[in-house]
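Following: one structure in structure tokens, then a few remarks.
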Amino acid sequence: MRLFQISATAAVVLMSLVSGIGADDDTAPAVYQDLADKFAPIEVDNIRPAPVPGLLEILVEGEILYATENGRFLFRGDIFDATTRENLTETQRNVSRKAKLNVIDEESLIVFQPDETKYTVNVFTDIDCPYCRKFHRDMENLRAKGIRVRYLFFPRAGPGSESWQKANSVWCSDDRKEAMTQAKLGADLEVLECGTTPVAQHYELGKAIGIQGTPAILTESGEMLGGYVPPSILEEELAQRAAL
């Protein structure tokens, strides 16, 4: 991660998070100001004690970083509990992703619902992504397995791109699910406008939780299952997690 000067506003945000960290009142402001100076003007979601004594955990743009309590050393990487073999960093990522996903109103999503829901997945999708199209071609199989799919838009080319416009047109269609299916089959959609759509909100959420590629499949608990997963394997993974 590149580190630059952070904006004054972001520095204030970091400084406001000093309470509860456990550092001495006289040293904490200096430590957090030093950390703040190392970041670009990007939003820091949270800062708290890490699972390892002597370290601080910083959540920024979907990435977890660690710093020494004196603020001198900053690094990234996963922390494992050697006794339980739990990836403590990934556990915290899951918590953060779940919290962010729970803020999204389901009315802003395109949901493909099976007759009987056994599992639910959140899928960040790009209409023009080949593996997103492959995933969508599996939809009937997914529904037969009781897997409910909540689609969020993530046009990887960003605002103003053709994929972004297609996402807007899908949302503005009278039948969004049919429009999504036709778009993923490669059909030419009518360019539609209907004011503000949820595309930008979904895209920013995806960036905030670290989405880099599509499809990105997440469980209800915030676990990232990766990219394209065949229906039979997806069902197995969801069943294993449900049994824990």
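Residues are named by chain letter and number: chains run A, B, ... in the order of the structure tokens, numbers start at 1 in each chain, and ligands are numbered from 1 in the order shown.
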
Exercise. Might you pull out every residue within 12 Å of Leu65 (chain A), with only C-alpha atoms counted and same-chain residues fewer than 4 positions away left off, and present them as a PyMOL selection string?
Key: chain A and resi 1+35+39+44-50+55-61+71+73-79+89-90+92-93

Pull N, CA and C atoms from the residues just selected and write them as a short mmCIF file (atom, residue, chain, number, x, y, z; two decimals), in the first residue's frame.
data_model
loop_
_atom_site.label_atom_id
_atom_site.label_comp_id
_atom_site.auth_asym_id
_atom_site.auth_seq_id
_atom_site.Cartn_x
_atom_site.Cartn_y
_atom_site.Cartn_z
N MET A 1 0.84 -1.19 0.00
CA MET A 1 0.00 0.00 0.00
C MET A 1 0.87 1.24 0.00
N LEU A 35 0.54 7.81 12.88
CA LEU A 35 -0.10 6.87 11.96
C LEU A 35 -0.89 7.61 10.89
N PHE A 39 -0.91 7.88 6.06
CA PHE A 39 -1.98 7.50 5.14
C PHE A 39 -2.36 8.63 4.21
N VAL A 44 -10.52 5.87 7.02
CA VAL A 44 -10.14 4.78 7.92
C VAL A 44 -11.40 4.31 8.63
N ASP A 45 -11.78 3.05 8.43
CA ASP A 45 -13.04 2.56 8.97
C ASP A 45 -12.99 2.32 10.47
N ASN A 46 -11.87 1.81 10.93
CA ASN A 46 -11.81 1.47 12.36
C ASN A 46 -10.36 1.29 12.77
N ILE A 47 -10.10 1.49 14.05
CA ILE A 47 -8.78 1.21 14.62
C ILE A 47 -8.99 0.73 16.04
N ARG A 48 -8.32 -0.34 16.39
CA ARG A 48 -8.56 -0.97 17.69
C ARG A 48 -7.37 -1.84 18.05
N PRO A 49 -7.34 -2.36 19.27
CA PRO A 49 -6.25 -3.28 19.62
C PRO A 49 -6.33 -4.54 18.77
N ALA A 50 -5.20 -5.04 18.33
CA ALA A 50 -5.14 -6.29 17.58
C ALA A 50 -5.23 -7.47 18.54
N LEU A 55 0.03 -4.67 19.50
CA LEU A 55 -0.26 -4.26 18.13
C LEU A 55 -1.62 -3.58 18.04
N LEU A 56 -1.74 -2.68 17.07
CA LEU A 56 -3.01 -2.05 16.75
C LEU A 56 -3.49 -2.58 15.41
N GLU A 57 -4.79 -2.70 15.27
CA GLU A 57 -5.40 -3.17 14.02
C GLU A 57 -6.11 -2.00 13.35
N ILE A 58 -5.81 -1.77 12.07
CA ILE A 58 -6.38 -0.65 11.34
C ILE A 58 -7.11 -1.19 10.12
N LEU A 59 -8.39 -0.83 9.97
CA LEU A 59 -9.18 -1.25 8.83
C LEU A 59 -9.33 -0.06 7.89
N VAL A 60 -8.79 -0.20 6.67
CA VAL A 60 -8.84 0.89 5.72
C VAL A 60 -9.05 0.34 4.32
N GLU A 61 -10.10 0.81 3.66
CA GLU A 61 -10.45 0.38 2.31
C GLU A 61 -10.52 -1.13 2.18
N GLY A 71 3.40 3.31 16.97
CA GLY A 71 3.17 3.88 15.65
C GLY A 71 4.37 3.85 14.72
N PHE A 73 6.10 1.13 13.41
CA PHE A 73 6.12 0.10 12.38
C PHE A 73 4.69 -0.23 11.93
N LEU A 74 4.50 -0.26 10.62
CA LEU A 74 3.21 -0.53 10.01
C LEU A 74 3.40 -1.69 9.04
N PHE A 75 2.54 -2.70 9.13
CA PHE A 75 2.70 -3.85 8.23
C PHE A 75 1.36 -4.51 7.98
N ARG A 76 1.34 -5.39 6.98
CA ARG A 76 0.13 -6.13 6.68
C ARG A 76 0.46 -7.61 6.53
N GLY A 77 -0.53 -8.45 6.77
CA GLY A 77 -0.36 -9.88 6.74
C GLY A 77 -1.36 -10.51 7.70
N ASP A 78 -1.57 -11.80 7.59
CA ASP A 78 -2.56 -12.48 8.41
C ASP A 78 -1.92 -13.00 9.70
N ILE A 79 -2.67 -12.88 10.78
CA ILE A 79 -2.25 -13.41 12.08
C ILE A 79 -3.02 -14.69 12.36
N THR A 89 -7.07 -12.72 11.41
CA THR A 89 -7.25 -11.59 10.51
C THR A 89 -8.45 -11.81 9.60
N GLU A 90 -8.56 -13.01 9.04
CA GLU A 90 -9.69 -13.31 8.16
C GLU A 90 -11.01 -13.28 8.93
N GLN A 92 -11.72 -11.29 11.35
CA GLN A 92 -12.09 -9.89 11.47
C GLN A 92 -12.56 -9.33 10.13
N ARG A 93 -11.96 -9.78 9.04
CA ARG A 93 -12.44 -9.36 7.72
C ARG A 93 -13.90 -9.77 7.54
#

Practice problem: Tell me which protein, DNA and RNA residues are within 7 Å of region 145-161 of chain A, counting only C-alpha atoms, leaving out same-chain ones fewer than 3 positions away, and put them as a list in words. | Solution: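 With the cut-off at 7 Å, the set is Leu109, Ile110, Val111, Phe112, Gln113, Pro114, Glu116, Thr117, Lys118, Tyr119, Thr120, Val121, Asn122, Val123, Phe124, Thr125, Asp126, Asn141, Leu142, Trp164, Gln165, Ala167, Val199, His202, Tyr203 and Gly206 of chain A.
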
Quiz prompt | Backbone-only DSSP, helix (DSSP H, G or I) members of region 78-230 of chain A, as a PyMOL selection string | solution = chain A and resi 88-103+106-108+130-137+139-144+162-172+176-184+199-208

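Distances here use only C-alpha atoms; by that measure, the residue among A:Asp128, A:Ala243, A:Thr181, A:Thr197 closest to Glu140 (chain A) is A:Thr181.
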
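The space between CA of Gly62 (chain A) and CA of Met139 (chain A) spans 28.6 Å.
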
Practice problem: Would you work out the distance separating CA of Asn87 (chain A) from CA of Pro51 (chain A), expressed in Å to one decimal? | Solution: 10.9 Å

Practice problem: Just give me the gap between CA of Leu101 (chain A) and CA of Thr84 (chain A) in Å, one decimal is fine. | Solution: 27.7 Å
